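Structure first, then comments.
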4 protein chains.
Amino acid sequence: MSNRLQVGVIGSSSCEDDITHIAERVGSLVAANGAILINGGRTGVMEAASRGAKTAGGLVVGILPGASKSESNPYVDVIITTEMGHARNAIIASSSDCLIAIAGGLGTLSEVALALKMERPVVTLASPWKIAGTIEAYSAEEAVSIALNLSGYDE
Amino acid sequence: MSNRLQVGVIGSSSCEDDITHIAERVGSLVAANGAILINGGRTGVMEAASRGAKTAGGLVVGILPGASKSESNPYVDVIITTEMGHARNAIIASSSDCLIAIAGGLGTLSEVALALKMERPVVTLASPWKIAGTIEAYSAEEAVSIALNLSGYDE
Amino acid sequence: MSNRLQVGVIGSSSCEDDITHIAERVGSLVAANGAILINGGRTGVMEAASRGAKTAGGLVVGILPGASKSESNPYVDVIITTEMGHARNAIIASSSDCLIAIAGGLGTLSEVALALKMERPVVTLASPWKIAGTIEAYSAEEAVSIALNLSGYDE
Amino acid sequence: MSNRLQVGVIGSSSCEDDITHIAERVGSLVAANGAILINGGRTGVMEAASRGAKTAGGLVVGILPGASKSESNPYVDVIITTEMGHARNAIIASSSDCLIAIAGGLGTLSEVALALKMERPVVTLASPWKIAGTIEAYSAEEAVSIALNLSGYDE
């Protein structure tokens with residue numbers, strides 16, 4: 001069994017600059033703490049988090065909805081092509097020891113719900129929803145710190 | 001292509017008596033309108049809606065998370081054993097022309113989010129959440145009427 | 001739990017006239033025996049079996065790889081849009097109490113292997129492969145008879 | 001998009017010593033060539049290939065059927081818990097640029113069929129089946145060499 005924590009960072013495939021910045025910072029901190037970044041492998045928050053983790057020397061796993069590796073953003077190391085559309089959201093939730101949801105749309109909401117159902121800790125940043133069971137954070141640093149602590153990870 | 005509308009009725013696997021009553025009434029009305037009932041095939045809201053539809057002479061499809069037909073409630077005509085756990089929620093959402101969410105927990109929330117993402121109309125009854133894009137109804141009759149209308153179904 | 005047997009009929013999306021004729025006859029016999037026809041909902045063997053079952057007054061379930069009900073052949077009563085591509089083959093195998101494979105290509109081979117792995121009886125007709133564990137039949141009548149018997153179904 | 005080739009090594013969860021030895025050697029060569037090892041994350045051929053790749057300094061991805069990371073063999077770096085049972089075989093096939101099937105049972109056969117359907121090159125070693133479209137190899141070295149060449153990989 002792997003000793004490395006797997007942290008899911010989830011959010012929309014398109015986002016504003018401030019959210020991009022937060023996502024990149026979260027990805028960077030996930031990598032700096034030695035955790036593997038799990039994400040949806042596409043654009044927006046996914047790409048920003050991937051770039052942050054990759055730049056910090058981390059390992060990035062993209063779990064794609066489609067069949068083609070070419071749909072991945074360029075910062076992904078391991079590409080899982082599920083060919084399962086939105087059902088891949090359940091795989092992202094399950095494969096993450098904890099998740100950080102940054103802003104996000106309906107796809108993100110489905111992942112948050114599935115992750116809570118699977119009893120994974122979920123930390124939110126700039127969330128448009130208040131879902132019972134999630135923990136709200138106010139900075140990338142705080143989000144990553146909470147996520148790691150809730151996973152029983154000794155920084 | 002099938003001419004019969006497929007209406008998804010979703011909700012928790014355990015629920016209070018008043019919710020059970022509403023779910024059974026919704027199932028009954030779905031069947032009375034000639035639509036096929038799609039549901040998760042388990043207990044609680046799923047079983048109540050299945051019983052309502054079956055008693056009204058309807059056709060009931062249960063899309064189960066597990067591998068065994070024996071996990072189905074007794075009112076299901078067609079049993080789909082997905083062996084896919086929570087990812088089966090995406091199949092319920094996709095296979096429904098419209099959905100009615102009755103009360104519900106995290107599993108239901110994931111289905112609502114996935115259904116909206118897939119551009120299915122979602123009507124809610126006694127929902128604990130206010131998710132943008134869903135339409136709130138206040139009775140079984142109203143919920144079914146709205147759902148059928150939004151699906152372009154001519155009663 | 002449903003009292004009706006669910007029989008999967010699997011095969012290629014394109015086929016010769018003689019195979020079409022066999023598939024239609026198999027579908028017809030499945031329906032005449034009161035069983036539900038499970039199939040992949042597309043063209044070729046799937047459409048022929050669906051047409052046979054539908055014409056005989058049966059209930060036809062199509063488990064589609066894609067997202068659109070319009071991809072279904074016109075003889076399907078219940079359309080499951082899995083949006084899961086080839087992974088839907090596992091759902092067809094699991095949801096069938098027994099399967100009849102008619103001729104077939106690689107998709108069919110994957111379904112036969114998955115069904116045997118799931119301990120479903122698999123009867124073959126005109127199979128290009130000899131897979132240990134399958135039972136070879138030489139007519140539609142024989143195939144359906146064997147499949148029903150192996151499912152513990154009392155004709 | 002990732003620059004590293006992803007090679008799937010598939011086979012049974014239990015196997016004889018000679019097959020274990022071949023699988024470990026294949027995993028080792030995959031890693032030595034700089035490719036990522038994709039596998040089912042369990043025991044038998046999967047564990048042997050994982051151990052070979054890990055010992056050679058490679059990156060090992062386990063795509064599990066269940067929900068728990070603890071079901072993984074100890075040589076996996078990235079654990080994908082699909083919670084999708086046998087349907088995870090389709091994800092293994094899709095996520096591999098090419099596959100090497102070592103001996104194998106029905107699960108392996110389903111993966112070979114799905115991989116060929118998805119147009120991935122499939123090399124076999126000690127295969128109990130002769131499936132048109134697969135390429136037979138007679139040593140670990142030959143299998144890896146063929147697989148890499150067919151993937152357009154410049155050793």
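Chain labels follow the order of the structure tokens: the first chain is A, the next B, and so on; residue numbering restarts at 1 in every chain, and ligands are counted from 1 in their shown order.
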Would you write out, as JSON lines, a table of all residues in chain D that have an atom no more than 8 Å from an atom of chain A, listing for each the closest atom pair and the distance in Å to one decimal, considering only C-alpha atoms and ordering rows by chain and rising residue number?
{"residue": "D:Met1", "atom": "CA", "partner": "A:Pro74", "partner_atom": "CA", "distance": 4.4}
{"residue": "D:Ser2", "atom": "CA", "partner": "A:Asp77", "partner_atom": "CA", "distance": 5.5}
{"residue": "D:Arg4", "atom": "CA", "partner": "A:Asp77", "partner_atom": "CA", "distance": 7.6}
{"residue": "D:Ile36", "atom": "CA", "partner": "A:Val78", "partner_atom": "CA", "distance": 7.9}
{"residue": "D:Ala67", "atom": "CA", "partner": "A:Ser94", "partner_atom": "CA", "distance": 6.8}
{"residue": "D:Lys69", "atom": "CA", "partner": "A:Met1", "partner_atom": "CA", "distance": 6.6}
{"residue": "D:Ser70", "atom": "CA", "partner": "A:Met1", "partner_atom": "CA", "distance": 5.8}
{"residue": "D:Glu71", "atom": "CA", "partner": "A:Met1", "partner_atom": "CA", "distance": 7.6}
{"residue": "D:Ser72", "atom": "CA", "partner": "A:Met1", "partner_atom": "CA", "distance": 5.5}
{"residue": "D:Asn73", "atom": "CA", "partner": "A:Met1", "partner_atom": "CA", "distance": 5.9}
{"residue": "D:Pro74", "atom": "CA", "partner": "A:Met1", "partner_atom": "CA", "distance": 4.4}
{"residue": "D:Tyr75", "atom": "CA", "partner": "A:Met1", "partner_atom": "CA", "distance": 6.9}
{"residue": "D:Val76", "atom": "CA", "partner": "A:Ser2", "partner_atom": "CA", "distance": 6.1}
{"residue": "D:Asp77", "atom": "CA", "partner": "A:Ser2", "partner_atom": "CA", "distance": 5.5}
{"residue": "D:Val78", "atom": "CA", "partner": "A:Ser2", "partner_atom": "CA", "distance": 7.1}
{"residue": "D:Ile79", "atom": "CA", "partner": "A:Ser95", "partner_atom": "CA", "distance": 6.8}
{"residue": "D:Ile80", "atom": "CA", "partner": "A:Ser95", "partner_atom": "CA", "distance": 5.1}
{"residue": "D:Thr81", "atom": "CA", "partner": "A:Ser95", "partner_atom": "CA", "distance": 5.0}
{"residue": "D:Thr82", "atom": "CA", "partner": "A:Ile91", "partner_atom": "CA", "distance": 5.1}
{"residue": "D:Glu83", "atom": "CA", "partner": "A:Ile91", "partner_atom": "CA", "distance": 7.4}
{"residue": "D:Ala90", "atom": "CA", "partner": "A:Thr82", "partner_atom": "CA", "distance": 7.7}
{"residue": "D:Ile91", "atom": "CA", "partner": "A:Thr82", "partner_atom": "CA", "distance": 5.1}
{"residue": "D:Ser94", "atom": "CA", "partner": "A:Thr81", "partner_atom": "CA", "distance": 5.9}
{"residue": "D:Ser95", "atom": "CA", "partner": "A:Thr81", "partner_atom": "CA", "distance": 5.0}
With N, CA, C and O atoms retained, export the selected residues as a JSON list (two decimals), in the first residue's frame.
[["chain", "number", "residue", "atom", "x", "y", "z"],
["D", 1, "MET", "N", 0.19, 17.07, -22.22],
["D", 1, "MET", "CA", 0.11, 15.61, -22.37],
["D", 1, "MET", "C", 1.41, 14.97, -21.94],
["D", 1, "MET", "O", 2.49, 15.47, -22.20],
["D", 2, "SER", "N", 1.26, 13.87, -21.26],
["D", 2, "SER", "CA", 2.42, 13.16, -20.72],
["D", 2, "SER", "C", 3.33, 12.67, -21.84],
["D", 2, "SER", "O", 2.89, 12.24, -22.88],
["D", 4, "ARG", "N", 5.50, 10.29, -21.10],
["D", 4, "ARG", "CA", 5.90, 8.92, -20.74],
["D", 4, "ARG", "C", 4.85, 7.92, -21.21],
["D", 4, "ARG", "O", 3.65, 8.10, -21.03],
["D", 36, "ILE", "N", 5.69, 4.09, -17.67],
["D", 36, "ILE", "CA", 4.87, 3.92, -16.47],
["D", 36, "ILE", "C", 4.16, 2.57, -16.55],
["D", 36, "ILE", "O", 3.66, 2.20, -17.60],
["D", 67, "ALA", "N", -12.90, -0.36, -3.27],
["D", 67, "ALA", "CA", -12.97, 0.97, -2.68],
["D", 67, "ALA", "C", -11.80, 1.28, -1.76],
["D", 67, "ALA", "O", -11.62, 2.43, -1.36],
["D", 69, "LYS", "N", -7.80, 1.42, -0.54],
["D", 69, "LYS", "CA", -6.39, 1.41, -0.93],
["D", 69, "LYS", "C", -5.65, 0.22, -0.33],
["D", 69, "LYS", "O", -4.63, -0.21, -0.87],
["D", 70, "SER", "N", -6.18, -0.31, 0.77],
["D", 70, "SER", "CA", -5.49, -1.42, 1.44],
["D", 70, "SER", "C", -5.54, -2.71, 0.62],
["D", 70, "SER", "O", -4.83, -3.66, 0.90],
["D", 71, "GLU", "N", -6.38, -2.74, -0.42],
["D", 71, "GLU", "CA", -6.43, -3.92, -1.29],
["D", 71, "GLU", "C", -5.30, -3.93, -2.32],
["D", 71, "GLU", "O", -5.15, -4.87, -3.10],
["D", 72, "SER", "N", -4.53, -2.86, -2.33],
["D", 72, "SER", "CA", -3.44, -2.76, -3.30],
["D", 72, "SER", "C", -2.25, -3.60, -2.87],
["D", 72, "SER", "O", -2.02, -3.82, -1.68],
["D", 73, "ASN", "N", -1.51, -4.09, -3.85],
["D", 73, "ASN", "CA", -0.23, -4.72, -3.51],
["D", 73, "ASN", "C", 0.75, -3.63, -3.06],
["D", 73, "ASN", "O", 0.53, -2.44, -3.34],
["D", 74, "PRO", "N", 1.83, -4.01, -2.35],
["D", 74, "PRO", "CA", 2.68, -2.98, -1.71],
["D", 74, "PRO", "C", 3.62, -2.23, -2.65],
["D", 74, "PRO", "O", 4.36, -1.38, -2.19],
["D", 75, "TYR", "N", 3.56, -2.54, -3.96],
["D", 75, "TYR", "CA", 4.52, -1.92, -4.87],
["D", 75, "TYR", "C", 3.88, -0.83, -5.75],
["D", 75, "TYR", "O", 4.48, -0.38, -6.72],
["D", 76, "VAL", "N", 2.68, -0.47, -5.42],
["D", 76, "VAL", "CA", 1.95, 0.51, -6.23],
["D", 76, "VAL", "C", 2.19, 1.92, -5.69],
["D", 76, "VAL", "O", 2.08, 2.15, -4.48],
["D", 77, "ASP", "N", 2.51, 2.85, -6.58],
["D", 77, "ASP", "CA", 2.73, 4.25, -6.18],
["D", 77, "ASP", "C", 1.44, 5.05, -6.19],
["D", 77, "ASP", "O", 1.17, 5.83, -5.29],
["D", 78, "VAL", "N", 0.68, 4.90, -7.27],
["D", 78, "VAL", "CA", -0.58, 5.64, -7.42],
["D", 78, "VAL", "C", -1.71, 4.63, -7.40],
["D", 78, "VAL", "O", -1.74, 3.69, -8.21],
["D", 79, "ILE", "N", -2.64, 4.80, -6.46],
["D", 79, "ILE", "CA", -3.74, 3.84, -6.31],
["D", 79, "ILE", "C", -5.05, 4.48, -6.76],
["D", 79, "ILE", "O", -5.50, 5.47, -6.18],
["D", 80, "ILE", "N", -5.63, 3.93, -7.81],
["D", 80, "ILE", "CA", -6.94, 4.38, -8.27],
["D", 80, "ILE", "C", -7.97, 3.37, -7.76],
["D", 80, "ILE", "O", -7.95, 2.21, -8.17],
["D", 81, "THR", "N", -8.83, 3.80, -6.85],
["D", 81, "THR", "CA", -9.90, 2.91, -6.36],
["D", 81, "THR", "C", -11.15, 3.23, -7.17],
["D", 81, "THR", "O", -11.82, 4.22, -6.93],
["D", 82, "THR", "N", -11.45, 2.35, -8.11],
["D", 82, "THR", "CA", -12.56, 2.65, -9.03],
["D", 82, "THR", "C", -13.92, 2.33, -8.42],
["D", 82, "THR", "O", -14.92, 2.90, -8.83],
["D", 83, "GLU", "N", -13.97, 1.38, -7.49],
["D", 83, "GLU", "CA", -15.24, 0.90, -6.93],
["D", 83, "GLU", "C", -16.16, 0.39, -8.05],
["D", 83, "GLU", "O", -17.38, 0.51, -7.96],
["D", 90, "ALA", "N", -11.94, -2.15, -18.24],
["D", 90, "ALA", "CA", -12.02, -1.24, -19.39],
["D", 90, "ALA", "C", -11.13, -0.02, -19.19],
["D", 90, "ALA", "O", -10.56, 0.51, -20.14],
["D", 91, "ILE", "N", -10.99, 0.41, -17.93],
["D", 91, "ILE", "CA", -10.15, 1.57, -17.64],
["D", 91, "ILE", "C", -8.68, 1.20, -17.77],
["D", 91, "ILE", "O", -7.87, 1.98, -18.26],
["D", 94, "SER", "N", -8.04, 1.09, -21.53],
["D", 94, "SER", "CA", -8.03, 2.41, -22.15],
["D", 94, "SER", "C", -6.80, 3.23, -21.75],
["D", 94, "SER", "O", -6.24, 3.96, -22.58],
["D", 95, "SER", "N", -6.39, 3.11, -20.50],
["D", 95, "SER", "CA", -5.30, 3.95, -19.99],
["D", 95, "SER", "C", -3.92, 3.47, -20.40],
["D", 95, "SER", "O", -2.93, 4.14, -20.12]]
Hey, what does DSSP flag as alpha helix (DSSP H) within chain B? Can you give it to me as number ranges by chain? B: 17-32, 45-55, 88-95, 106-117, 140-150
May I have the residues within 10 Å of Asn33 of chain C as a PDB file with N, CA and C atoms, in the first residue's frame, using only C-alpha atoms and disregarding those fewer than 2 positions away in the same chain?
ATOM      1  N   ARG C   4     -39.100 -12.243 -13.148  1.00  0.00           N
ATOM      2  CA  ARG C   4     -38.838 -12.531 -14.558  1.00  0.00           C
ATOM      3  C   ARG C   4     -37.356 -12.691 -14.819  1.00  0.00           C
ATOM      4  N   LEU C   5     -37.046 -13.722 -15.577  1.00  0.00           N
ATOM      5  CA  LEU C   5     -35.661 -13.962 -15.964  1.00  0.00           C
ATOM      6  C   LEU C   5     -35.199 -12.852 -16.905  1.00  0.00           C
ATOM      7  N   SER C  28     -37.162 -13.589 -30.243  1.00  0.00           N
ATOM      8  CA  SER C  28     -38.562 -14.008 -30.240  1.00  0.00           C
ATOM      9  C   SER C  28     -38.817 -15.090 -29.197  1.00  0.00           C
ATOM     10  N   LEU C  29     -37.910 -16.050 -29.112  1.00  0.00           N
ATOM     11  CA  LEU C  29     -38.073 -17.152 -28.156  1.00  0.00           C
ATOM     12  C   LEU C  29     -37.873 -16.691 -26.713  1.00  0.00           C
ATOM     13  N   VAL C  30     -36.961 -15.767 -26.514  1.00  0.00           N
ATOM     14  CA  VAL C  30     -36.769 -15.214 -25.163  1.00  0.00           C
ATOM     15  C   VAL C  30     -38.086 -14.595 -24.692  1.00  0.00           C
ATOM     16  N   ALA C  31     -38.691 -13.814 -25.558  1.00  0.00           N
ATOM     17  CA  ALA C  31     -39.956 -13.162 -25.196  1.00  0.00           C
ATOM     18  C   ALA C  31     -41.081 -14.179 -25.025  1.00  0.00           C
ATOM     19  N   ALA C  35     -39.328 -14.159 -20.641  1.00  0.00           N
ATOM     20  CA  ALA C  35     -38.127 -13.520 -20.091  1.00  0.00           C
ATOM     21  C   ALA C  35     -37.953 -12.114 -20.666  1.00  0.00           C
ATOM     22  N   ILE C  36     -37.240 -11.292 -19.932  1.00  0.00           N
ATOM     23  CA  ILE C  36     -36.891  -9.948 -20.382  1.00  0.00           C
ATOM     24  C   ILE C  36     -35.620 -10.039 -21.219  1.00  0.00           C
ATOM     25  N   ALA C  56     -42.699 -10.352 -30.617  1.00  0.00           N
ATOM     26  CA  ALA C  56     -43.334 -11.436 -29.857  1.00  0.00           C
ATOM     27  C   ALA C  56     -43.976 -10.929 -28.570  1.00  0.00           C
ATOM     28  N   GLY C  58     -42.559  -9.074 -26.142  1.00  0.00           N
ATOM     29  CA  GLY C  58     -41.678  -9.073 -24.980  1.00  0.00           C
ATOM     30  C   GLY C  58     -41.279  -7.687 -24.516  1.00  0.00           C
ATOM     31  N   VAL C 144     -31.818 -21.037 -26.613  1.00  0.00           N
ATOM     32  CA  VAL C 144     -32.738 -20.478 -25.617  1.00  0.00           C
ATOM     33  C   VAL C 144     -33.118 -21.545 -24.594  1.00  0.00           C
ATOM     34  N   SER C 145     -33.330 -22.755 -25.060  1.00  0.00           N
ATOM     35  CA  SER C 145     -33.686 -23.841 -24.144  1.00  0.00           C
ATOM     36  C   SER C 145     -32.574 -24.086 -23.124  1.00  0.00           C
ATOM     37  N   LEU C 148     -32.278 -21.071 -20.631  1.00  0.00           N
ATOM     38  CA  LEU C 148     -33.345 -21.053 -19.620  1.00  0.00           C
ATOM     39  C   LEU C 148     -33.127 -22.158 -18.596  1.00  0.00           C
ATOM     40  N   TYR C 153     -34.684 -22.005 -14.758  1.00  0.00           N
ATOM     41  CA  TYR C 153     -35.997 -21.498 -15.143  1.00  0.00           C
ATOM     42  C   TYR C 153     -36.875 -22.657 -15.568  1.00  0.00           C
ATOM     43  N   ASP C 154     -38.052 -22.724 -14.995  1.00  0.00           N
ATOM     44  CA  ASP C 154     -38.995 -23.795 -15.286  1.00  0.00           C
ATOM     45  C   ASP C 154     -39.909 -23.362 -16.427  1.00  0.00           C
ATOM     46  N   GLU C 155     -39.632 -23.881 -17.630  1.00  0.00           N
ATOM     47  CA  GLU C 155     -40.424 -23.468 -18.808  1.00  0.00           C
ATOM     48  C   GLU C 155     -41.895 -23.848 -18.667  1.00  0.00           C
TER      49      GLU C 155
END
So the first atom is atom CA of Val9 of chain D and the second is atom CA of Ala103 of chain C; what is the distance between them in Å, to one decimal place?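 Those two atoms sit 28.8 Å apart.
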Please return, as a list in words, all residues of segment 53-135 of chain B that DSSP assigns to strand (DSSP E or B) on the basis of the backbone. Val60, Val61, Gly62, Ile63, Leu64, Val78, Ile79, Ile80, Thr81, Cys98, Leu99, Ile100, Ala101, Ile102, Val122, Val123, Thr124, Leu125 and Ile135 of chain B
List as a ChimeraX atom specification the protein and nucleic acid residues near segment 98-101 of chain A, meaning an atom at most 10 Å away when only C-alpha atoms are counted, but skip any in the same chain fewer than 4 places from it. /A:5-12,23,26-27,37-39,45,92-94,108-109,111-112,115-116,119-127,134-137,140,143-144,146-151
Would you export the selected residues with C-alpha atoms as a JSON list (two decimals), in the first residue's frame, please?
[["chain", "number", "residue", "atom", "x", "y", "z"],
["A", 5, "LEU", "CA", -1.18, 10.70, 0.53],
["A", 6, "GLN", "CA", -3.41, 11.30, -2.50],
["A", 7, "VAL", "CA", -5.08, 14.71, -2.42],
["A", 8, "GLY", "CA", -7.88, 15.50, -4.84],
["A", 9, "VAL", "CA", -8.14, 19.08, -6.04],
["A", 10, "ILE", "CA", -11.42, 19.72, -7.82],
["A", 11, "GLY", "CA", -13.08, 22.67, -9.53],
["A", 12, "SER", "CA", -14.40, 23.98, -12.81],
["A", 23, "ALA", "CA", -5.65, 26.53, -7.50],
["A", 26, "VAL", "CA", -2.98, 24.65, -3.66],
["A", 27, "GLY", "CA", -1.35, 22.32, -6.18],
["A", 37, "LEU", "CA", -2.22, 15.38, -6.73],
["A", 38, "ILE", "CA", -5.37, 13.72, -8.03],
["A", 39, "ASN", "CA", -7.49, 15.78, -10.41],
["A", 45, "VAL", "CA", -8.87, 24.70, -11.81],
["A", 92, "ILE", "CA", -11.77, 11.02, -8.45],
["A", 93, "ALA", "CA", -13.65, 11.15, -5.14],
["A", 94, "SER", "CA", -12.83, 7.57, -4.22],
["A", 108, "THR", "CA", -17.60, 19.84, -8.58],
["A", 109, "LEU", "CA", -20.80, 19.68, -6.52],
["A", 111, "GLU", "CA", -17.75, 15.27, -6.56],
["A", 112, "VAL", "CA", -18.18, 16.95, -3.17],
["A", 115, "ALA", "CA", -16.67, 12.30, -1.59],
["A", 116, "LEU", "CA", -18.67, 13.04, 1.57],
["A", 119, "GLU", "CA", -16.41, 9.57, 3.98],
["A", 120, "ARG", "CA", -13.51, 11.53, 2.55],
["A", 121, "PRO", "CA", -12.75, 14.87, 4.23],
["A", 122, "VAL", "CA", -13.68, 17.76, 1.92],
["A", 123, "VAL", "CA", -12.23, 21.25, 2.37],
["A", 124, "THR", "CA", -13.73, 24.12, 0.35],
["A", 125, "LEU", "CA", -12.30, 27.38, -0.91],
["A", 126, "ALA", "CA", -14.58, 30.07, -2.40],
["A", 127, "SER", "CA", -17.39, 27.53, -2.58],
["A", 134, "THR", "CA", -17.46, 20.24, 4.28],
["A", 135, "ILE", "CA", -14.88, 22.41, 6.03],
["A", 136, "GLU", "CA", -14.47, 25.95, 4.74],
["A", 137, "ALA", "CA", -10.98, 27.37, 4.38],
["A", 140, "ALA", "CA", -4.64, 27.88, -0.07],
["A", 143, "ALA", "CA", -7.00, 24.45, 2.90],
["A", 144, "VAL", "CA", -3.98, 22.22, 2.40],
["A", 146, "ILE", "CA", -6.65, 21.22, 7.10],
["A", 147, "ALA", "CA", -6.83, 18.55, 4.38],
["A", 148, "LEU", "CA", -3.53, 17.00, 5.42],
["A", 149, "ASN", "CA", -4.44, 17.06, 9.11],
["A", 150, "LEU", "CA", -7.85, 15.46, 8.51],
["A", 151, "SER", "CA", -6.16, 12.69, 6.57]]
Measure the distance from atom CA of Met46 of chain A to atom CA of Ala87 of chain A in Å and round it to one decimal.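 Pair atom CA of Met46 of chain A / atom CA of Ala87 of chain A returns 16.9 Å.
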Separation of atom CA of Arg42 of chain A from atom CA of Gly62 of chain A in Å: 7.7 Å
If you count only C-alpha atoms, which residues fall within 8 Å of Leu106 of chain D, apart from same-chain ones fewer than 4 positions away, as a ChimeraX atom specification? /C:113-114,116-117 /D:110
